[in-house]
$ cat input.cif   # mmCIF, C-alpha atoms
data_coords
#
loop_
_atom_site.label_atom_id
_atom_site.label_comp_id
_atom_site.auth_asym_id
_atom_site.auth_seq_id
_atom_site.Cartn_x
_atom_site.Cartn_y
_atom_site.Cartn_z
CA MET A 1 29.16 -49.64 -14.31
CA GLU A 2 27.33 -46.36 -13.74
CA PRO A 3 27.82 -44.47 -10.47
CA SER A 4 25.04 -44.62 -7.94
CA ALA A 5 23.97 -42.82 -4.77
CA PRO A 6 21.32 -43.20 -2.08
CA GLN A 7 17.89 -41.69 -2.71
CA SER A 8 15.56 -40.05 -0.21
CA GLU A 9 13.11 -41.91 2.02
CA GLY A 10 15.69 -44.60 2.74
CA GLU A 11 15.68 -45.97 -0.80
CA MET A 12 18.84 -47.06 -2.57
CA VAL A 13 19.52 -46.56 -6.26
CA ASP A 14 19.22 -49.78 -8.25
CA ARG A 15 22.61 -50.20 -9.92
CA ASN A 16 20.89 -51.73 -12.93
CA ALA A 17 18.21 -49.05 -13.28
CA ALA A 18 18.44 -46.00 -15.50
CA CYS A 19 19.15 -42.81 -13.55
CA LEU A 20 18.91 -39.08 -14.12
CA TYR A 21 22.20 -37.59 -12.94
CA ILE A 22 22.35 -33.93 -11.94
CA VAL A 23 25.99 -33.13 -12.59
CA SER A 24 27.73 -30.03 -11.28
CA THR A 25 30.38 -28.51 -13.54
CA PRO A 26 33.06 -25.83 -12.98
CA ILE A 27 31.95 -22.21 -12.59
CA GLY A 28 35.06 -20.90 -14.32
CA ASN A 29 38.22 -22.88 -13.73
CA LEU A 30 37.89 -26.12 -15.69
CA SER A 31 40.26 -27.87 -13.28
CA ASP A 32 37.44 -27.87 -10.70
CA MET A 33 35.72 -30.76 -12.52
CA THR A 34 35.42 -33.81 -10.21
CA PHE A 35 36.52 -37.34 -11.08
CA ARG A 36 33.00 -38.57 -10.40
CA ALA A 37 31.48 -35.99 -12.73
CA VAL A 38 33.81 -37.05 -15.55
CA ASP A 39 33.04 -40.74 -15.00
CA THR A 40 29.31 -40.05 -14.95
CA LEU A 41 29.31 -38.00 -18.14
CA LYS A 42 31.28 -40.74 -19.89
CA SER A 43 28.90 -43.47 -18.75
CA VAL A 44 25.47 -42.06 -19.62
CA ALA A 45 23.66 -42.39 -22.94
CA LEU A 46 23.07 -38.65 -23.35
CA VAL A 47 24.18 -35.38 -21.79
CA LEU A 48 21.53 -32.66 -21.59
CA ALA A 49 23.27 -29.29 -21.74
CA GLU A 50 21.94 -25.77 -21.41
CA ASP A 51 24.19 -24.68 -24.29
CA THR A 52 25.85 -27.51 -26.20
CA ARG A 53 28.41 -25.24 -27.84
CA HIS A 54 29.51 -23.91 -24.46
CA SER A 55 29.62 -27.36 -22.86
CA ARG A 56 31.52 -28.90 -25.76
CA HIS A 57 34.72 -27.19 -24.55
CA LEU A 58 34.35 -28.86 -21.14
CA LEU A 59 33.60 -32.31 -22.53
CA ASP A 60 36.49 -32.09 -24.99
CA ARG A 61 38.84 -31.09 -22.16
CA TYR A 62 38.11 -34.38 -20.40
CA GLY A 63 37.81 -36.63 -23.44
CA ILE A 64 34.06 -37.13 -23.03
CA SER A 65 32.50 -38.22 -26.32
CA THR A 66 28.96 -38.80 -25.04
CA PRO A 67 26.29 -37.31 -27.34
CA MET A 68 24.80 -34.00 -26.20
CA GLU A 69 21.41 -32.42 -26.67
CA ALA A 70 20.25 -28.92 -25.79
CA TYR A 71 17.91 -28.67 -22.80
CA HIS A 72 17.03 -25.14 -21.72
CA GLU A 73 14.16 -22.91 -20.64
CA HIS A 74 12.86 -22.53 -24.18
CA ASN A 75 12.49 -26.24 -24.96
CA GLU A 76 12.21 -28.04 -21.61
CA ALA A 77 8.41 -28.26 -21.73
CA ARG A 78 8.37 -30.21 -24.99
CA ALA A 79 11.64 -32.08 -24.41
CA THR A 80 10.86 -33.42 -20.93
CA PRO A 81 8.32 -36.14 -21.93
CA ARG A 82 10.76 -37.52 -24.49
CA MET A 83 13.57 -37.61 -21.92
CA ILE A 84 11.33 -39.44 -19.45
CA GLN A 85 10.58 -42.01 -22.14
CA ARG A 86 14.31 -42.56 -22.71
CA LEU A 87 14.88 -43.00 -18.98
CA GLN A 88 12.00 -45.48 -18.78
CA SER A 89 13.45 -47.40 -21.72
CA GLY A 90 16.71 -47.89 -19.80
CA ASP A 91 18.94 -44.98 -20.87
CA SER A 92 20.65 -43.04 -18.10
CA LEU A 93 20.90 -39.30 -18.73
CA ALA A 94 23.01 -36.51 -17.25
CA LEU A 95 21.85 -32.91 -16.88
CA ILE A 96 24.42 -30.10 -16.80
CA SER A 97 24.14 -26.32 -16.94
CA ASP A 98 26.55 -23.80 -18.42
CA ALA A 99 28.34 -23.57 -15.07
CA GLY A 100 27.91 -24.79 -11.53
CA THR A 101 25.07 -26.84 -10.12
CA PRO A 102 22.01 -27.35 -12.34
CA LEU A 103 18.61 -26.01 -11.19
CA ILE A 104 20.26 -23.24 -9.12
CA SER A 105 18.91 -20.29 -11.13
CA ASP A 106 19.12 -22.62 -14.16
CA PRO A 107 16.70 -24.91 -16.01
CA GLY A 108 16.08 -28.49 -14.95
CA SER A 109 13.42 -28.55 -12.23
CA ARG A 110 10.73 -29.69 -14.66
CA LEU A 111 12.76 -32.75 -15.64
CA VAL A 112 13.72 -33.63 -12.08
CA GLN A 113 10.11 -33.35 -10.90
CA ALA A 114 8.89 -35.50 -13.79
CA ALA A 115 11.55 -38.16 -13.14
CA ALA A 116 10.80 -38.26 -9.43
CA ALA A 117 7.06 -38.54 -10.13
CA GLU A 118 7.74 -41.59 -12.33
CA GLY A 119 9.93 -43.25 -9.72
CA ILE A 120 13.10 -42.75 -11.76
CA PRO A 121 16.21 -42.40 -9.56
CA VAL A 122 17.58 -38.85 -9.49
CA VAL A 123 21.24 -38.79 -8.44
CA PRO A 124 23.18 -35.60 -7.60
CA ILE A 125 26.85 -35.41 -8.56
CA PRO A 126 28.00 -32.54 -6.32
CA GLY A 127 30.49 -29.90 -7.33
CA ALA A 128 30.93 -26.19 -7.81
CA SER A 129 28.34 -23.57 -6.88
CA ALA A 130 28.93 -19.85 -7.25
CA ALA A 131 26.60 -19.05 -4.36
CA LEU A 132 28.44 -21.32 -1.90
CA ALA A 133 31.87 -20.29 -3.15
CA ALA A 134 31.03 -16.63 -2.56
CA LEU A 135 29.46 -17.30 0.84
CA VAL A 136 32.32 -19.29 2.35
CA ALA A 137 34.96 -16.80 1.20
CA SER A 138 32.95 -13.69 2.11
CA GLY A 139 33.90 -13.59 5.77
CA LEU A 140 30.24 -13.15 6.70
CA ASP A 141 28.27 -15.57 8.85
CA ALA A 142 27.74 -18.79 6.91
CA SER A 143 25.97 -20.77 9.65
CA GLN A 144 22.55 -19.71 8.33
CA PHE A 145 21.80 -18.12 4.99
CA THR A 146 19.09 -17.54 2.41
CA PHE A 147 19.74 -17.92 -1.30
CA LEU A 148 17.61 -15.54 -3.35
CA GLY A 149 18.83 -16.26 -6.87
CA PHE A 150 18.12 -13.29 -9.13
CA LEU A 151 15.73 -10.73 -7.64
CA PRO A 152 12.56 -9.88 -9.59
CA ARG A 153 13.33 -7.16 -12.11
CA LYS A 154 10.66 -4.63 -11.11
CA GLY A 155 7.35 -3.89 -9.44
CA ARG A 156 5.88 -5.04 -6.17
CA GLU A 157 7.65 -8.40 -6.24
CA ARG A 158 11.02 -6.68 -6.36
CA ARG A 159 10.12 -4.29 -3.54
CA GLU A 160 8.93 -7.14 -1.37
CA ALA A 161 12.05 -9.21 -2.09
CA LEU A 162 14.31 -6.31 -1.13
CA ALA A 163 12.28 -5.65 2.03
CA SER A 164 12.59 -9.31 3.04
CA LEU A 165 16.33 -9.21 2.43
CA ILE A 166 16.76 -6.15 4.62
CA ALA A 167 14.58 -7.65 7.36
CA ALA A 168 16.38 -11.01 7.36
CA GLU A 169 18.55 -11.88 10.37
CA GLU A 170 20.52 -14.48 8.40
CA THR A 171 23.05 -13.81 5.63
CA SER A 172 21.55 -13.37 2.17
CA VAL A 173 23.18 -14.53 -1.08
CA LEU A 174 21.97 -13.44 -4.50
CA TYR A 175 23.04 -13.25 -8.10
CA GLU A 176 23.02 -10.05 -10.14
CA ALA A 177 23.95 -8.96 -13.63
CA PRO A 178 26.96 -6.61 -13.65
CA THR A 179 24.96 -3.91 -15.43
CA ARG A 180 22.40 -3.85 -12.60
CA LEU A 181 24.80 -4.27 -9.66
CA ALA A 182 25.10 -0.62 -8.67
CA ALA A 183 21.34 -0.04 -8.92
CA THR A 184 20.51 -3.08 -6.81
CA LEU A 185 23.00 -2.12 -4.10
CA GLY A 186 21.56 1.41 -4.18
CA GLU A 187 18.04 0.09 -3.66
CA MET A 188 19.27 -2.01 -0.72
CA ALA A 189 20.85 1.07 0.82
CA GLU A 190 17.72 3.18 0.33
CA GLY A 191 15.56 0.40 1.78
CA GLY A 192 17.31 0.45 5.14
CA GLY A 193 20.42 -1.64 4.54
CA ALA A 194 22.98 1.11 3.89
CA GLY A 195 25.18 0.17 6.85
CA ARG A 196 24.93 -3.58 6.41
CA ASN A 197 28.20 -5.40 5.75
CA ALA A 198 28.33 -6.91 2.27
CA VAL A 199 30.66 -8.56 -0.23
CA VAL A 200 30.57 -8.49 -4.01
CA ALA A 201 32.25 -11.61 -5.42
CA ARG A 202 33.11 -11.31 -9.09
CA GLU A 203 34.45 -13.78 -11.68
CA LEU A 204 34.78 -16.61 -9.18
CA THR A 205 37.57 -19.15 -9.88
CA LYS A 206 38.60 -17.21 -12.99
CA GLU A 207 41.74 -15.19 -13.67
CA PHE A 208 40.27 -11.90 -12.45
CA GLU A 209 38.46 -13.25 -9.38
CA GLU A 210 37.71 -10.43 -6.95
CA PHE A 211 36.11 -10.04 -3.52
CA ARG A 212 35.24 -6.45 -2.64
CA ARG A 213 34.08 -5.85 0.92
CA GLY A 214 32.36 -2.89 2.54
CA THR A 215 28.97 -1.64 3.60
CA VAL A 216 26.10 -1.81 1.13
CA ASP A 217 26.26 1.97 0.71
CA GLU A 218 30.04 1.97 0.13
CA LEU A 219 29.75 -0.77 -2.46
CA ALA A 220 26.86 0.99 -4.19
CA ARG A 221 28.94 4.14 -4.57
CA TYR A 222 32.00 2.20 -5.73
CA TYR A 223 30.17 0.31 -8.47
CA THR A 224 28.36 3.44 -9.57
CA ASP A 225 31.76 4.96 -10.34
CA THR A 226 33.40 1.67 -11.42
CA PRO A 227 31.01 -0.51 -13.42
CA ALA A 228 31.45 -4.22 -12.78
CA ARG A 229 32.30 -6.84 -15.37
CA GLY A 230 31.73 -10.57 -15.39
CA GLU A 231 29.49 -12.75 -13.27
CA VAL A 232 28.54 -11.37 -9.86
CA VAL A 233 27.39 -12.75 -6.51
CA ILE A 234 26.29 -10.43 -3.69
CA VAL A 235 26.52 -11.56 -0.06
CA VAL A 236 24.81 -9.36 2.55
CA SER A 237 25.00 -9.76 6.33
CA GLY A 238 21.82 -10.27 8.31
CA ARG A 239 20.11 -7.70 10.46
CA THR A 240 21.21 -7.56 14.09
CA PRO A 241 18.12 -8.29 16.20
CA VAL A 242 17.06 -5.39 18.41
CA THR A 243 14.14 -4.84 20.73
CA PRO A 244 12.13 -2.09 19.06
CA ASP A 245 10.83 0.83 21.09
CA GLU A 246 7.06 0.79 20.59
CA THR A 247 6.69 4.52 21.18
CA ALA A 248 9.29 5.32 18.54
CA LEU A 249 7.68 2.85 16.15
CA ARG A 250 4.29 4.46 16.64
CA GLU A 251 5.74 7.92 15.95
CA ARG A 252 7.45 6.63 12.80
CA ALA A 253 4.19 5.02 11.66
CA GLN A 254 2.32 8.27 12.18
CA LEU A 255 4.85 10.18 10.10
CA LEU A 256 4.65 7.66 7.28
CA ARG A 257 0.85 7.68 7.28
CA ALA A 258 0.82 11.49 7.29
CA ALA A 259 3.06 11.36 4.20
CA GLY A 260 0.46 9.23 2.40
CA ALA A 261 1.82 5.71 2.91
CA THR A 262 -0.67 2.85 3.03
CA VAL A 263 -1.03 0.60 6.07
CA ARG A 264 0.80 -2.15 4.20
CA ASP A 265 3.64 0.15 3.17
CA VAL A 266 3.98 1.50 6.71
CA ALA A 267 4.19 -2.00 8.16
CA ARG A 268 6.72 -3.10 5.56
CA THR A 269 8.88 -0.03 6.24
CA LEU A 270 8.83 -0.55 10.00
CA VAL A 271 9.92 -4.17 9.59
CA ALA A 272 12.68 -3.26 7.12
CA GLU A 273 14.03 -0.32 9.13
CA THR A 274 13.83 -1.72 12.65
CA GLY A 275 13.24 -5.44 12.43
CA ALA A 276 9.99 -5.05 14.33
CA PRO A 277 7.78 -8.16 14.41
CA ARG A 278 5.33 -8.09 11.52
CA ASN A 279 2.25 -8.37 13.71
CA LEU A 280 3.40 -5.40 15.82
CA ALA A 281 4.22 -3.35 12.72
CA TYR A 282 0.78 -3.97 11.21
CA ARG A 283 -0.97 -3.17 14.49
CA LEU A 284 0.80 0.16 14.81
CA ALA A 285 0.23 0.97 11.14
CA GLN A 286 -3.49 0.37 11.58
CA GLU A 287 -3.68 2.52 14.72
CA THR A 288 -2.53 5.65 12.91
#
$ encode --input "input.cif" --output "structure tokens"
Amino acid sequence: MEPSAPQSEGEMVDRNAACLYIVSTPIGNLSDMTFRAVDTLKSVALVLAEDTRHSRHLLDRYGISTPMEAYHEHNEARATPRMIQRLQSGDSLALISDAGTPLISDPGSRLVQAAAAEGIPVVPIPGASAALAALVASGLDASQFTFLGFLPRKGRERREALASLIAAEETSVLYEAPTRLAATLGEMAEGGGAGRNAVVARELTKEFEEFRRGTVDELARYYTDTPARGEVVIVVSGRTPVTPDETALRERAQLLRAAGATVRDVARTLVAETGAPRNLAYRLAQET
């Protein structure tokens, strides 16, 4: 019998209905696979994997002979209708990613949304997540946090994402490629977060797992001199709330405007540097 779990809105999964299972897999150490995940992958008609060659090692490790099919960002648009048809015909399917929890910076949202829209039960099989593993071992406040995934690569979207991170009072968690780690930390430092406590978690659950702690500026300098390898998670502490001095804010706004900054840029800088309320920052920026 296939595993089942409660759905939202007080509904219960029909034990006889086909389900779409969202199955978390290990992020490095294959021993982190759960019993429930193994049972689920053995019971379904098809496993949808981001990379079937990569996932084959995991399935072989646990004696799972269920057929696999590739489901990734390049084919999900055309594959999703066919998968919905299989679910409607009575086949339960399982979605896995290369590592960790599907949909977290990985493909799958299109299929989940389509299944939910058709009234098909969507059942999570919880397990490993690199973001949560890094957060709980970071030593930073885990009571409230924001997960940012991968930051935009360039342009205004990237600047705004970094400004929001620096302005946030809660802990921020994000993924980054090792080749861009030093540059991203440097941009955080330049944007007003140089003294913020941070942790770089690397190669989680693997042989060379590492947690390096320090300020954003210290970590930026370290990884500039010592390029990182492997998968990386950055955890950054939130801004300590302070009551901004309006006179000092006005003087800072005047200096920025005199240097050629736009009203929007001035307001964004005031928020990032001081944590000033956005409405106050915009008002002062417009006064100058």
$ closest_residue --input "input.cif" --among "A:Ala183, A:Leu148, A:Ala79, A:Leu204" --to "Ala130 (chain A)" --atoms "only C-alpha atoms"
A:Leu204
$ residues_near_point --input "input.cif" --point "(22.7, -2.7, 3.6)" --cutoff "7 Å" --atoms "all atoms listed in the file" --output "PDB file with C-alpha atoms, in the coordinates of the input"
ATOM      1  CA  ILE A 166      16.760  -6.150   4.620  1.00  0.00           C
ATOM      2  CA  MET A 188      19.270  -2.010  -0.720  1.00  0.00           C
ATOM      3  CA  ALA A 189      20.850   1.070   0.820  1.00  0.00           C
ATOM      4  CA  GLY A 192      17.310   0.450   5.140  1.00  0.00           C
ATOM      5  CA  GLY A 193      20.420  -1.640   4.540  1.00  0.00           C
ATOM      6  CA  ALA A 194      22.980   1.110   3.890  1.00  0.00           C
ATOM      7  CA  GLY A 195      25.180   0.170   6.850  1.00  0.00           C
ATOM      8  CA  ARG A 196      24.930  -3.580   6.410  1.00  0.00           C
ATOM      9  CA  ASN A 197      28.200  -5.400   5.750  1.00  0.00           C
ATOM     10  CA  THR A 215      28.970  -1.640   3.600  1.00  0.00           C
ATOM     11  CA  VAL A 216      26.100  -1.810   1.130  1.00  0.00           C
ATOM     12  CA  ASP A 217      26.260   1.970   0.710  1.00  0.00           C
TER      13      ASP A 217
END
$ resolve_selection --input "input.cif" --expression "the PyMOL selection byres ((chain A and resi 64) around 10)" --output "ChimeraX atom specification"
/A:38-43,56,58-63,65-67
$ residues_around --input "input.cif" --residues "Val236 (chain A)" --least-positions-apart "4" --cutoff "7 Å" --atoms "only C-alpha atoms" --output "PyMOL selection string"
chain A and resi 171-173+196-199
$ residues_around --input "input.cif" --residues "Asp141 (chain A)" --least-positions-apart "4" --cutoff "9 Å" --atoms "all atoms listed in the file" --output "PyMOL selection string"
chain A and resi 135-136+145+170-171+237-238
$ closest_atom_pairs --input "input.cif" --of "region 92-209 of chain A" --to "region 267-273 of chain A" --cutoff "9 Å" --atoms "only C-alpha atoms" --output "CSV"
residue,atom,partner,partner_atom,distance
A:Glu160,CA,A:Arg268,CA,8.3
A:Leu162,CA,A:Ala272,CA,8.9
A:Ala163,CA,A:Ala272,CA,5.6
A:Ser164,CA,A:Ala272,CA,7.3
A:Leu165,CA,A:Ala272,CA,8.4
A:Ile166,CA,A:Ala272,CA,5.6
A:Ala167,CA,A:Ala272,CA,4.8
A:Ala168,CA,A:Ala272,CA,8.6
A:Gly191,CA,A:Ala272,CA,7.1
A:Gly192,CA,A:Glu273,CA,5.2
A:Gly193,CA,A:Glu273,CA,8.0
$ write_last_selection --input "input.cif" --atoms "C-alpha atoms" --output "compact mmCIF listing (two decimals), keeping the file's coordinate frame"
# COMPACT_ATOMS: atom_id res chain seq x y z
CA GLU A 160 8.93 -7.14 -1.37
CA LEU A 162 14.31 -6.31 -1.13
CA ALA A 163 12.28 -5.65 2.03
CA SER A 164 12.59 -9.31 3.04
CA LEU A 165 16.33 -9.21 2.43
CA ILE A 166 16.76 -6.15 4.62
CA ALA A 167 14.58 -7.65 7.36
CA ALA A 168 16.38 -11.01 7.36
CA GLY A 191 15.56 0.40 1.78
CA GLY A 192 17.31 0.45 5.14
CA GLY A 193 20.42 -1.64 4.54
$ closest_residue --input "input.cif" --among "A:Asn75, A:Arg53, A:Ser129, A:Gly230" --to "Glu207 (chain A)" --atoms "only C-alpha atoms"
A:Gly230
$ atom_distance --input "input.cif" --atom1 "CA of Ala117 (chain A)" --atom2 "CA of Leu95 (chain A)"
17.2 Å
$ resolve_selection --input "input.cif" --expression "the PyMOL selection byres ((chain A and resi 276) around 12)" --output "JSON, numbers by chain"
{"A": [166, 167, 168, 169, 239, 240, 241, 242, 243, 244, 245, 246, 248, 249, 250, 253, 266, 267, 268, 269, 270, 271, 272, 273, 274, 275, 277, 278, 279, 280, 281, 282, 283, 284, 285]}
$ atom_distance --input "input.cif" --atom1 "CA of Gly186 (chain A)" --atom2 "CA of Arg202 (chain A)"
17.9 Å
$ resolve_selection --input "input.cif" --expression "the PyMOL selection byres ((chain A and resi 211) around 9)" --output "VMD selection string"
chain A and resid 134 137 to 138 199 to 202 204 209 to 210 212 to 213
$ closest_residue --input "input.cif" --among "A:Glu50, A:Glu251, A:Glu203, A:Glu218" --to "Val232 (chain A)" --atoms "all atoms listed in the file"
A:Glu203
$ atom_distance --input "input.cif" --atom1 "CA of Pro107 (chain A)" --atom2 "CA of Tyr21 (chain A)"
14.2 Å
$ closest_residue --input "input.cif" --among "A:Ala70, A:Met83, A:Leu181, A:Leu256" --to "Asp225 (chain A)" --atoms "all atoms listed in the file"
A:Leu181
$ residues_around --input "input.cif" --residues "Lys154 (chain A)" --least-positions-apart "3" --cutoff "12 Å" --atoms "all atoms listed in the file" --output "ChimeraX atom specification"
/A:150-151,157-162,180,183-184,187
$ residues_around --input "input.cif" --residues "Ile96 (chain A)" --least-positions-apart "4" --cutoff "9 Å" --atoms "all atoms listed in the file" --output "list in words"
Tyr21, Ile22, Val23, Ser24, Thr25, Val47, Leu48, Ala49, Glu50, Ser55, Tyr71, Gly100, Thr101, Pro102 and Gly108 of chain A
$ closest_residue --input "input.cif" --among "A:Ala182, A:Arg153, A:Val112, A:Ala220" --to "Glu76 (chain A)" --atoms "all atoms listed in the file"
A:Val112
$ axis_aligned_box --input "input.cif" --around "region 244-249 of chain A" --padding-each-side "3 Å" --output "JSON"
{"center_x": 9.4, "center_y": 1.6, "center_z": 18.7, "size_x": 11.4, "size_y": 13.4, "size_z": 11.0}
$ closest_residue --input "input.cif" --among "A:Ala128, A:Ala37, A:Leu20, A:Val122" --to "Leu93 (chain A)" --atoms "only C-alpha atoms"
A:Leu20
